[in-house]
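Next comes data.cif, a file with mmCIF, C-alpha atoms.
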data_structure
loop_
_atom_site.label_atom_id
_atom_site.label_comp_id
_atom_site.auth_asym_id
_atom_site.auth_seq_id
_atom_site.Cartn_x
_atom_site.Cartn_y
_atom_site.Cartn_z
CA MET A 1 -14.42 -6.50 2.78
CA ILE A 2 -10.98 -5.39 1.57
CA VAL A 3 -8.15 -7.16 3.39
CA VAL A 4 -4.76 -5.47 3.68
CA ALA A 5 -1.91 -7.92 4.29
CA GLY A 6 1.50 -6.73 5.43
CA GLU A 7 3.53 -5.03 8.10
CA ALA A 8 2.69 -2.46 10.75
CA LEU A 9 5.68 -0.63 12.21
CA ILE A 10 6.83 2.57 13.89
CA ASP A 11 8.27 5.42 11.84
CA LEU A 12 10.76 7.56 13.74
CA VAL A 13 10.33 10.97 12.11
CA PRO A 14 12.96 13.73 12.55
CA GLN A 15 11.71 17.00 14.01
CA GLY A 16 14.52 19.10 12.60
CA ALA A 17 17.58 19.07 10.37
CA GLY A 18 20.71 17.00 10.85
CA ALA A 19 21.57 13.43 11.75
CA LEU A 20 20.95 14.00 15.46
CA ALA A 21 17.56 15.72 15.16
CA ALA A 22 14.99 14.58 17.70
CA LEU A 23 12.88 11.65 16.50
CA THR A 24 9.16 11.37 17.11
CA PRO A 25 7.48 7.94 16.85
CA ALA A 26 4.60 7.70 14.37
CA LEU A 27 2.40 4.75 13.43
CA GLY A 28 3.30 3.45 9.99
CA GLY A 29 4.16 0.77 7.49
CA GLY A 30 2.80 0.79 3.94
CA PRO A 31 0.09 -1.85 4.50
CA PHE A 32 -0.88 -0.31 7.86
CA ASN A 33 -1.23 3.12 6.23
CA THR A 34 -3.30 1.60 3.42
CA ALA A 35 -5.66 -0.06 5.92
CA VAL A 36 -6.09 3.18 7.88
CA ALA A 37 -6.76 5.12 4.67
CA LEU A 38 -9.36 2.59 3.55
CA GLY A 39 -11.05 2.76 6.93
CA ARG A 40 -11.16 6.56 6.84
CA LEU A 41 -12.62 6.49 3.34
CA GLY A 42 -15.39 4.20 4.57
CA SER A 43 -14.49 0.86 3.01
CA PRO A 44 -15.07 -2.23 5.19
CA THR A 45 -11.48 -3.28 5.85
CA ALA A 46 -9.56 -5.96 7.73
CA PHE A 47 -5.85 -6.07 8.55
CA CYS A 48 -3.89 -9.33 8.21
CA SER A 49 -0.46 -9.20 9.81
CA ARG A 50 1.62 -10.19 12.83
CA VAL A 51 1.97 -7.46 15.45
CA SER A 52 4.06 -7.25 18.60
CA ARG A 53 2.53 -7.34 22.05
CA ASP A 54 4.75 -4.42 23.08
CA ALA A 55 3.46 -0.88 23.63
CA PHE A 56 4.06 0.09 20.01
CA GLY A 57 2.08 -2.93 18.83
CA GLU A 58 -0.82 -2.02 21.09
CA ALA A 59 -0.80 1.53 19.74
CA LEU A 60 -0.85 0.25 16.15
CA LEU A 61 -3.85 -1.98 16.81
CA GLU A 62 -5.67 0.77 18.69
CA GLN A 63 -5.33 3.10 15.69
CA LEU A 64 -6.75 0.43 13.40
CA ARG A 65 -9.70 -0.18 15.73
CA GLU A 66 -10.41 3.55 16.01
CA THR A 67 -10.51 3.74 12.21
CA GLY A 68 -13.01 0.88 12.03
CA VAL A 69 -10.56 -1.70 10.67
CA ASP A 70 -11.20 -5.31 11.72
CA VAL A 71 -8.09 -6.63 13.49
CA ALA A 72 -9.38 -10.15 14.11
CA PRO A 73 -6.98 -11.63 11.48
CA VAL A 74 -3.93 -10.10 13.22
CA GLN A 75 -1.46 -12.56 14.73
CA ARG A 76 0.48 -11.50 17.85
CA GLY A 77 4.06 -12.09 18.97
CA ASP A 78 6.35 -11.25 21.89
CA GLU A 79 9.11 -9.98 19.60
CA PRO A 80 9.60 -6.17 19.30
CA THR A 81 7.97 -3.91 16.71
CA THR A 82 9.93 -3.04 13.57
CA LEU A 83 11.35 0.51 13.52
CA ALA A 84 11.83 2.67 10.43
CA VAL A 85 13.94 5.82 10.76
CA ALA A 86 12.74 8.42 8.26
CA THR A 87 14.87 11.12 6.64
CA VAL A 88 12.84 13.91 5.06
CA GLY A 89 14.43 15.81 2.16
CA ALA A 90 14.06 19.50 1.34
CA ASP A 91 11.26 18.65 -1.12
CA GLY A 92 9.36 16.65 1.50
CA SER A 93 10.37 13.26 0.10
CA ALA A 94 11.11 10.56 2.65
CA ALA A 95 13.82 7.90 2.79
CA TYR A 96 14.08 5.16 5.41
CA SER A 97 16.50 2.94 7.27
CA PHE A 98 15.08 -0.06 9.09
CA TYR A 99 15.58 -2.04 12.29
CA VAL A 100 14.05 -5.42 11.47
CA GLU A 101 16.11 -8.19 13.03
CA GLY A 102 14.05 -10.38 15.37
CA THR A 103 10.89 -8.30 15.00
CA ALA A 104 7.35 -9.61 15.23
CA ASP A 105 5.97 -8.85 11.79
CA ARG A 106 8.49 -10.87 9.81
CA LEU A 107 7.33 -14.08 11.53
CA PHE A 108 3.86 -13.88 9.94
CA GLY A 109 2.32 -17.25 9.10
CA LYS A 110 -0.19 -17.84 6.31
CA PRO A 111 -3.73 -17.97 7.75
CA GLU A 112 -5.98 -20.92 6.98
CA ALA A 113 -8.57 -18.64 5.39
CA LEU A 114 -9.33 -15.00 4.62
CA PRO A 115 -12.21 -13.26 6.46
CA PRO A 116 -15.71 -14.06 5.13
CA GLY A 117 -16.80 -11.68 2.39
CA THR A 118 -13.29 -10.80 1.25
CA ARG A 119 -13.49 -9.15 -2.18
CA ALA A 120 -9.90 -7.94 -2.48
CA VAL A 121 -6.51 -8.38 -0.82
CA SER A 122 -3.72 -5.81 -0.93
CA PHE A 123 -0.02 -6.70 -0.53
CA GLY A 124 3.27 -4.83 -0.52
CA THR A 125 6.35 -3.19 0.98
CA CYS A 126 8.69 -4.81 3.54
CA SER A 127 6.40 -7.78 4.17
CA LEU A 128 7.25 -9.21 0.74
CA VAL A 129 10.99 -8.93 1.38
CA LEU A 130 11.69 -10.16 4.90
CA GLU A 131 11.68 -13.93 5.43
CA PRO A 132 10.12 -16.12 6.59
CA GLY A 133 7.04 -13.92 6.47
CA ALA A 134 7.60 -12.93 2.84
CA SER A 135 7.01 -16.49 1.65
CA ALA A 136 3.84 -16.71 3.75
CA TYR A 137 2.47 -13.49 2.23
CA GLU A 138 3.43 -14.71 -1.23
CA ALA A 139 1.58 -17.99 -0.67
CA LEU A 140 -1.48 -16.05 0.53
CA MET A 141 -1.37 -13.89 -2.61
CA ARG A 142 -1.20 -16.88 -4.94
CA GLU A 143 -3.94 -18.71 -3.06
CA ALA A 144 -6.28 -15.69 -3.05
CA SER A 145 -5.76 -15.13 -6.77
CA ALA A 146 -6.37 -18.79 -7.55
CA ARG A 147 -9.72 -18.51 -5.72
CA GLY A 148 -10.76 -15.52 -7.83
CA VAL A 149 -10.13 -12.82 -5.21
CA PHE A 150 -9.03 -9.44 -6.60
CA THR A 151 -5.37 -8.90 -5.62
CA ALA A 152 -3.51 -5.58 -5.48
CA LEU A 153 0.26 -5.18 -5.23
CA ASP A 154 2.26 -2.07 -4.29
CA PRO A 155 5.91 -3.21 -4.14
CA ASN A 156 6.94 0.09 -2.49
CA ILE A 157 10.64 -0.72 -2.87
CA ARG A 158 12.92 -0.29 0.13
CA ALA A 159 16.23 -1.07 -1.55
CA GLY A 160 18.18 -1.11 1.69
CA LEU A 161 16.27 -4.21 2.80
CA ILE A 162 16.82 -6.15 -0.44
CA ALA A 163 20.03 -8.18 -0.26
CA ASP A 164 19.85 -9.55 -3.83
CA ALA A 165 18.23 -7.07 -6.21
CA ASP A 166 18.16 -9.42 -9.21
CA ALA A 167 16.56 -12.21 -7.18
CA TYR A 168 13.89 -9.81 -5.93
CA ARG A 169 13.18 -8.54 -9.46
CA ALA A 170 12.71 -12.12 -10.63
CA ARG A 171 10.44 -12.81 -7.69
CA PHE A 172 8.42 -9.68 -8.48
CA ARG A 173 7.87 -10.89 -12.05
CA SER A 174 6.75 -14.27 -10.70
CA TRP A 175 3.97 -12.53 -8.71
CA LEU A 176 2.43 -10.78 -11.69
CA PRO A 177 0.23 -13.68 -12.90
CA SER A 178 -1.42 -13.53 -9.44
CA VAL A 179 -1.93 -9.73 -9.43
CA SER A 180 -5.08 -7.92 -10.58
CA LEU A 181 -3.92 -4.34 -9.94
CA LEU A 182 -0.27 -3.28 -9.84
CA LYS A 183 0.34 0.18 -8.37
CA LEU A 184 3.86 1.56 -8.07
CA SER A 185 5.80 4.80 -8.14
CA ALA A 186 7.92 5.90 -11.09
CA GLU A 187 10.99 5.38 -8.89
CA ASP A 188 9.92 1.82 -8.09
CA ALA A 189 9.26 1.16 -11.78
CA GLU A 190 12.75 2.34 -12.71
CA TRP A 191 14.36 0.21 -9.99
CA LEU A 192 12.41 -2.90 -10.99
CA GLY A 193 13.05 -2.52 -14.73
CA GLY A 194 10.58 -3.46 -17.43
CA SER A 195 7.57 -1.40 -18.44
CA PRO A 196 3.83 -1.24 -17.72
CA ARG A 197 3.09 -3.01 -21.01
CA GLU A 198 5.46 -5.86 -20.15
CA TRP A 199 3.90 -6.20 -16.69
CA LEU A 200 0.38 -6.17 -18.12
CA ALA A 201 1.29 -8.99 -20.48
CA ALA A 202 2.27 -11.07 -17.43
CA GLY A 203 -1.13 -10.85 -15.73
CA PRO A 204 -2.48 -7.63 -14.15
CA ALA A 205 -5.69 -6.09 -15.46
CA ALA A 206 -4.22 -2.61 -14.89
CA VAL A 207 -0.98 -0.90 -13.86
CA VAL A 208 -1.03 2.51 -12.17
CA VAL A 209 2.20 4.52 -12.00
CA THR A 210 2.46 7.51 -9.66
CA ARG A 211 4.81 10.41 -10.38
CA GLY A 212 4.46 12.57 -7.29
CA GLY A 213 3.26 16.07 -8.09
CA ASP A 214 3.20 15.22 -11.79
CA GLY A 215 0.18 12.96 -11.34
CA LEU A 216 -0.80 9.37 -12.10
CA THR A 217 -1.13 7.20 -15.19
CA ALA A 218 -3.18 4.03 -15.58
CA TYR A 219 -2.32 1.45 -18.24
CA THR A 220 -4.84 -1.24 -19.18
CA ARG A 221 -4.76 -4.53 -21.06
CA ASP A 222 -6.60 -3.11 -24.08
CA GLY A 223 -3.71 -0.73 -24.76
CA ALA A 224 -5.37 2.34 -23.26
CA GLU A 225 -3.50 4.91 -21.18
CA TYR A 226 -5.13 7.45 -18.86
CA THR A 227 -3.28 10.31 -17.14
CA VAL A 228 -4.36 12.95 -14.63
CA PRO A 229 -2.19 15.73 -13.14
CA GLY A 230 -1.31 15.93 -9.49
CA GLU A 231 -3.26 18.25 -7.20
CA ARG A 232 -1.37 21.42 -6.26
CA VAL A 233 -0.67 21.53 -2.54
CA GLU A 234 1.98 22.84 -0.16
CA VAL A 235 3.91 19.67 0.66
CA VAL A 236 4.86 19.06 4.29
CA ASP A 237 6.16 15.56 3.55
CA THR A 238 5.25 12.63 1.31
CA ILE A 239 5.02 9.98 4.05
CA GLY A 240 2.04 7.73 3.32
CA ALA A 241 1.13 9.40 0.00
CA GLY A 242 1.58 6.26 -2.09
CA ASP A 243 -0.31 4.20 0.47
CA THR A 244 -3.16 6.70 0.26
CA VAL A 245 -3.23 6.33 -3.54
CA ASN A 246 -3.37 2.57 -3.11
CA ALA A 247 -6.32 2.84 -0.72
CA ALA A 248 -8.15 5.40 -2.87
CA LEU A 249 -7.87 3.17 -5.94
CA LEU A 250 -9.23 0.15 -4.07
CA HIS A 251 -11.98 2.20 -2.45
CA GLY A 252 -12.99 3.71 -5.78
CA LEU A 253 -13.04 0.35 -7.52
CA SER A 254 -15.16 -1.07 -4.71
CA GLU A 255 -17.65 1.81 -4.99
CA ARG A 256 -17.98 1.05 -8.71
CA ASP A 257 -18.36 -2.70 -8.07
CA ALA A 258 -15.22 -3.08 -10.18
CA LEU A 259 -13.06 -5.29 -7.95
CA SER A 260 -12.59 -7.82 -10.74
CA ASP A 261 -10.64 -8.00 -13.99
CA GLU A 262 -13.92 -7.54 -15.86
CA GLY A 263 -14.86 -4.54 -13.74
CA VAL A 264 -11.49 -2.90 -14.35
CA ALA A 265 -11.82 -3.50 -18.09
CA ALA A 266 -15.26 -1.86 -18.12
CA LEU A 267 -14.19 1.43 -16.47
CA GLY A 268 -13.35 3.24 -19.69
CA ALA A 269 -11.85 6.72 -20.00
CA GLU A 270 -14.40 8.53 -17.83
CA GLY A 271 -14.23 5.96 -15.04
CA TRP A 272 -10.44 5.84 -14.96
CA GLU A 273 -9.97 9.59 -15.06
CA SER A 274 -12.48 10.10 -12.24
CA LEU A 275 -10.81 7.37 -10.16
CA LEU A 276 -7.32 8.75 -10.75
CA ARG A 277 -8.40 12.30 -9.87
CA PHE A 278 -9.89 11.00 -6.63
CA ALA A 279 -6.62 9.21 -5.79
CA ALA A 280 -4.54 12.28 -6.65
CA ARG A 281 -6.61 14.49 -4.36
CA ALA A 282 -6.45 11.98 -1.51
CA ALA A 283 -2.65 11.82 -1.81
CA ALA A 284 -2.41 15.62 -1.92
CA VAL A 285 -4.27 15.90 1.38
CA THR A 286 -1.86 13.39 2.94
CA CYS A 287 1.12 15.38 1.65
CA SER A 288 -0.27 18.59 3.13
CA ARG A 289 0.23 17.39 6.71
CA ALA A 290 3.04 15.77 8.63
CA GLY A 291 3.36 11.99 8.71
CA ALA A 292 1.01 9.40 7.27
CA GLU A 293 -2.33 11.11 7.90
CA PRO A 294 -4.68 10.05 5.07
CA PRO A 295 -7.96 11.93 4.59
CA TYR A 296 -11.40 11.01 5.83
CA ALA A 297 -14.23 10.60 3.32
CA ARG A 298 -15.79 13.89 4.40
CA GLU A 299 -12.61 15.74 3.42
CA LEU A 300 -12.88 14.44 -0.13
CA GLU A 301 -16.62 14.73 -0.61
CA ALA A 302 -16.28 17.33 -3.34
CA TRP A 303 -14.00 15.03 -5.31
CA ARG A 304 -15.79 11.72 -4.61
CA ALA A 305 -16.24 9.62 -7.77
CA VAL A 306 -19.84 9.21 -8.81
#

Would you give me this structure, written as structure tokens?
Amino acid sequence: MIVVAGEALIDLVPQGAGALAALTPALGGGPFNTAVALGRLGSPTAFCSRVSRDAFGEALLEQLRETGVDVAPVQRGDEPTTLAVATVGADGSAAYSFYVEGTADRLFGKPEALPPGTRAVSFGTCSLVLEPGASAYEALMREASARGVFTALDPNIRAGLIADADAYRARFRSWLPSVSLLKLSAEDAEWLGGSPREWLAAGPAAVVVTRGGDGLTAYTRDGAEYTVPGERVEVVDTIGAGDTVNAALLHGLSERDALSDEGVAALGAEGWESLLRFAARAAAVTCSRAGAEPPYARELEAWRAV
């Protein structure tokens, strides 16, 4: 079981150009997208969050159920669902503004225990910024790591939500001793400061940096560096691409029985390059269609890691 911990929200996606373009609601949130992608790839997955009882919240949970994701760990609240208004650039890249005050997901409370059979927990995005939920997710991360559970972190920076950038950067560094796999975009890496080697020295077994169409690079504790190019595809938008990479990495590590620091260390060049190629292809499929629509396993069969 891979548990994804974090927010589920509604993306409002413009259907044309200009500030007043019509907006279409789409299910989203980095952790939500990661859970859906894991479910579509075939990994046993559970979602750990707090979701509104409103119509949007019901739609979010229904999508998770349809994908085979266990929603038993989800907490419910009467507060509204968080909204994220997307702006899509000419190159397909997405930026967001958020409506988060008084919403359900930020009132997440740390559960007493993770689901039985949990092998890994994934964290990231808004859920690690917005209090009081952020502290609850942080406590869950530290507790899981202390118990030997493989932990993954995708900070997925949303700068507009971060009131004190320096305080957040310090907090990010404090998480690293509790992180097994750090995945982030080149833009996130630049915003956070530091380098993969510095982050590795603080705790993670591996750091994976994504660079959009230019591909992915994995850095490991033994000083190795593995890079694969991006898959060529006609980009509709990049919504959910990084979340798909996150899911593909976790799925691939699970298939290799490598959800441990020792397992990551044993991958070697062939294992890492195969895993990164799989993640690049999965992200390319997501980019080829509108919104966060990660691929199903059958769509990636030709690229599945062996």

So how far away is atom CA of A:Gln15 from atom CA of A:Ala292, in Å?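 That distance, rounded to one decimal, is 14.8 Å.
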
If the PyMOL selection byres ((chain A and resi 157) around 8) were run on this exact file, what residues would it hold? Put them as number ranges by chain. A: 125-126, 155-156, 158-159, 188

Would you write out those residues with C-alpha atoms, as a PDB file, in the frame of the given file?
ATOM      1  CA  THR A 125       6.350  -3.190   0.980  1.00  0.00           C
ATOM      2  CA  CYS A 126       8.690  -4.810   3.540  1.00  0.00           C
ATOM      3  CA  PRO A 155       5.910  -3.210  -4.140  1.00  0.00           C
ATOM      4  CA  ASN A 156       6.940   0.090  -2.490  1.00  0.00           C
ATOM      5  CA  ARG A 158      12.920  -0.290   0.130  1.00  0.00           C
ATOM      6  CA  ALA A 159      16.230  -1.070  -1.550  1.00  0.00           C
ATOM      7  CA  ASP A 188       9.920   1.820  -8.090  1.00  0.00           C
TER       8      ASP A 188
END

Close residues, stretch 231-243 of chain A itself excluded, 7 Å, only C-alpha atoms, min 2 positions apart in chain, as a PDB file with C-alpha atoms, keeping the file's coordinate frame:
ATOM      1  CA  GLY A  30       2.800   0.790   3.940  1.00  0.00           C
ATOM      2  CA  ASN A  33      -1.230   3.120   6.230  1.00  0.00           C
ATOM      3  CA  THR A  34      -3.300   1.600   3.420  1.00  0.00           C
ATOM      4  CA  GLY A  92       9.360  16.650   1.500  1.00  0.00           C
ATOM      5  CA  SER A  93      10.370  13.260   0.100  1.00  0.00           C
ATOM      6  CA  ALA A  94      11.110  10.560   2.650  1.00  0.00           C
ATOM      7  CA  GLY A 213       3.260  16.070  -8.090  1.00  0.00           C
ATOM      8  CA  PRO A 229      -2.190  15.730 -13.140  1.00  0.00           C
ATOM      9  CA  VAL A 245      -3.230   6.330  -3.540  1.00  0.00           C
ATOM     10  CA  ASN A 246      -3.370   2.570  -3.110  1.00  0.00           C
ATOM     11  CA  ALA A 247      -6.320   2.840  -0.720  1.00  0.00           C
ATOM     12  CA  ALA A 280      -4.540  12.280  -6.650  1.00  0.00           C
ATOM     13  CA  ARG A 281      -6.610  14.490  -4.360  1.00  0.00           C
ATOM     14  CA  ALA A 283      -2.650  11.820  -1.810  1.00  0.00           C
ATOM     15  CA  ALA A 284      -2.410  15.620  -1.920  1.00  0.00           C
ATOM     16  CA  THR A 286      -1.860  13.390   2.940  1.00  0.00           C
ATOM     17  CA  CYS A 287       1.120  15.380   1.650  1.00  0.00           C
ATOM     18  CA  SER A 288      -0.270  18.590   3.130  1.00  0.00           C
ATOM     19  CA  ARG A 289       0.230  17.390   6.710  1.00  0.00           C
ATOM     20  CA  ALA A 290       3.040  15.770   8.630  1.00  0.00           C
ATOM     21  CA  GLY A 291       3.360  11.990   8.710  1.00  0.00           C
ATOM     22  CA  ALA A 292       1.010   9.400   7.270  1.00  0.00           C
TER      23      ALA A 292
END

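Comparing the minimum interatomic distances between A:Gly193 and each of A:Arg211, A:Thr217, A:Val121, A:Arg173, counting all atoms listed in the file, we find that A:Arg173 sits nearest.
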
What does the distance from atom CA of A:Val149 to atom CA of A:Ala120 come to in Å, to one decimal?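 A separation of 5.6 Å between them.
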
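Here the PyMOL selection byres ((chain A and resi 255-266) around 7) matches the residues Arg119, Ala120, Phe150, Ser180, Ala205, His251, Gly252, Leu253, Ser254, Leu267 and Gly268 of chain A.
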
Can you write out the residues you just picked, keeping C-alpha atoms, as a PDB file, in the frame of the given file?
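again19.pdb, freshly written:
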ATOM      1  CA  ARG A 119     -13.490  -9.150  -2.180  1.00  0.00           C
ATOM      2  CA  ALA A 120      -9.900  -7.940  -2.480  1.00  0.00           C
ATOM      3  CA  PHE A 150      -9.030  -9.440  -6.600  1.00  0.00           C
ATOM      4  CA  SER A 180      -5.080  -7.920 -10.580  1.00  0.00           C
ATOM      5  CA  ALA A 205      -5.690  -6.090 -15.460  1.00  0.00           C
ATOM      6  CA  HIS A 251     -11.980   2.200  -2.450  1.00  0.00           C
ATOM      7  CA  GLY A 252     -12.990   3.710  -5.780  1.00  0.00           C
ATOM      8  CA  LEU A 253     -13.040   0.350  -7.520  1.00  0.00           C
ATOM      9  CA  SER A 254     -15.160  -1.070  -4.710  1.00  0.00           C
ATOM     10  CA  LEU A 267     -14.190   1.430 -16.470  1.00  0.00           C
ATOM     11  CA  GLY A 268     -13.350   3.240 -19.690  1.00  0.00           C
TER      12      GLY A 268
END

Can you list what the PyMOL selection byres ((chain A and resi 39) around 10) grabs from this structure, as a list in words?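 When the PyMOL selection byres ((chain A and resi 39) around 10) is applied, the selected residues are Ile2, Asn33, Thr34, Ala35, Val36, Ala37, Leu38, Arg40, Leu41, Gly42, Ser43, Pro44, Thr45, Ala46, Leu64, Arg65, Glu66, Thr67, Gly68, Val69, Asp70, Ala247, His251, Pro294, Pro295, Tyr296 and Ala297 of chain A.
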
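Computed from the coordinates, the atom CA of A:Leu83 to atom CA of A:Trp191 distance equals 23.7 Å.
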
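Neighbouring residues of stretch 194-198 of chain A at 12 Å or closer, counting only C-alpha atoms and skipping chain neighbours under 6 positions away, are A:Arg169, A:Ala170, A:Phe172, A:Arg173, A:Leu176, A:Pro177, A:Leu181, A:Leu182, A:Lys183, A:Leu184, A:Ser185, A:Ala186, A:Asp188, A:Pro204, A:Ala205, A:Ala206, A:Val207, A:Val208, A:Val209, A:Thr210, A:Thr217, A:Ala218, A:Tyr219, A:Thr220, A:Arg221, A:Asp222, A:Gly223, A:Ala224, A:Glu225.
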
Calculated over all atoms listed in the file, which of the candidates A:Val3, A:Ala248, A:Val13, A:Ala84 has the smallest distance to A:Phe123? A:Val3

Of the candidates A:Thr118, A:Thr82, A:Thr103, A:Ser97, which shows the shortest atom-to-atom distance to A:Leu161, using only C-alpha atoms?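 The closest residue to A:Leu161 is A:Ser97.
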
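Using all atoms listed in the file, the smallest distance between any of A:Ala72, A:Ala59, A:Leu23, A:Leu128 and A:Ala86 comes from A:Leu23.
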
Counting only C-alpha atoms, the residue of A:Ala144, A:Val285, A:Leu20, A:Ala163 that sits nearest A:Val129: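 Of A:Ala144, A:Val285, A:Leu20, A:Ala163, the one nearest A:Val129, counting only C-alpha atoms, is A:Ala163.
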
I need the residue nearest A:Ala5 from this list: A:Leu107, A:Ala22, A:Ala55, A:Met141. Use only C-alpha atoms for the distance.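 Checking each of A:Leu107, A:Ala22, A:Ala55, A:Met141 against A:Ala5, counting only C-alpha atoms, the winner is A:Met141.
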
List the neighbours of A:Ser52 out to 8 Å using all atoms listed in the file; skip same-chain residues closer than 5 positions along the sequence, and give me the result as a PyMOL selection string. chain A and resi 57-58+76-81+103-105
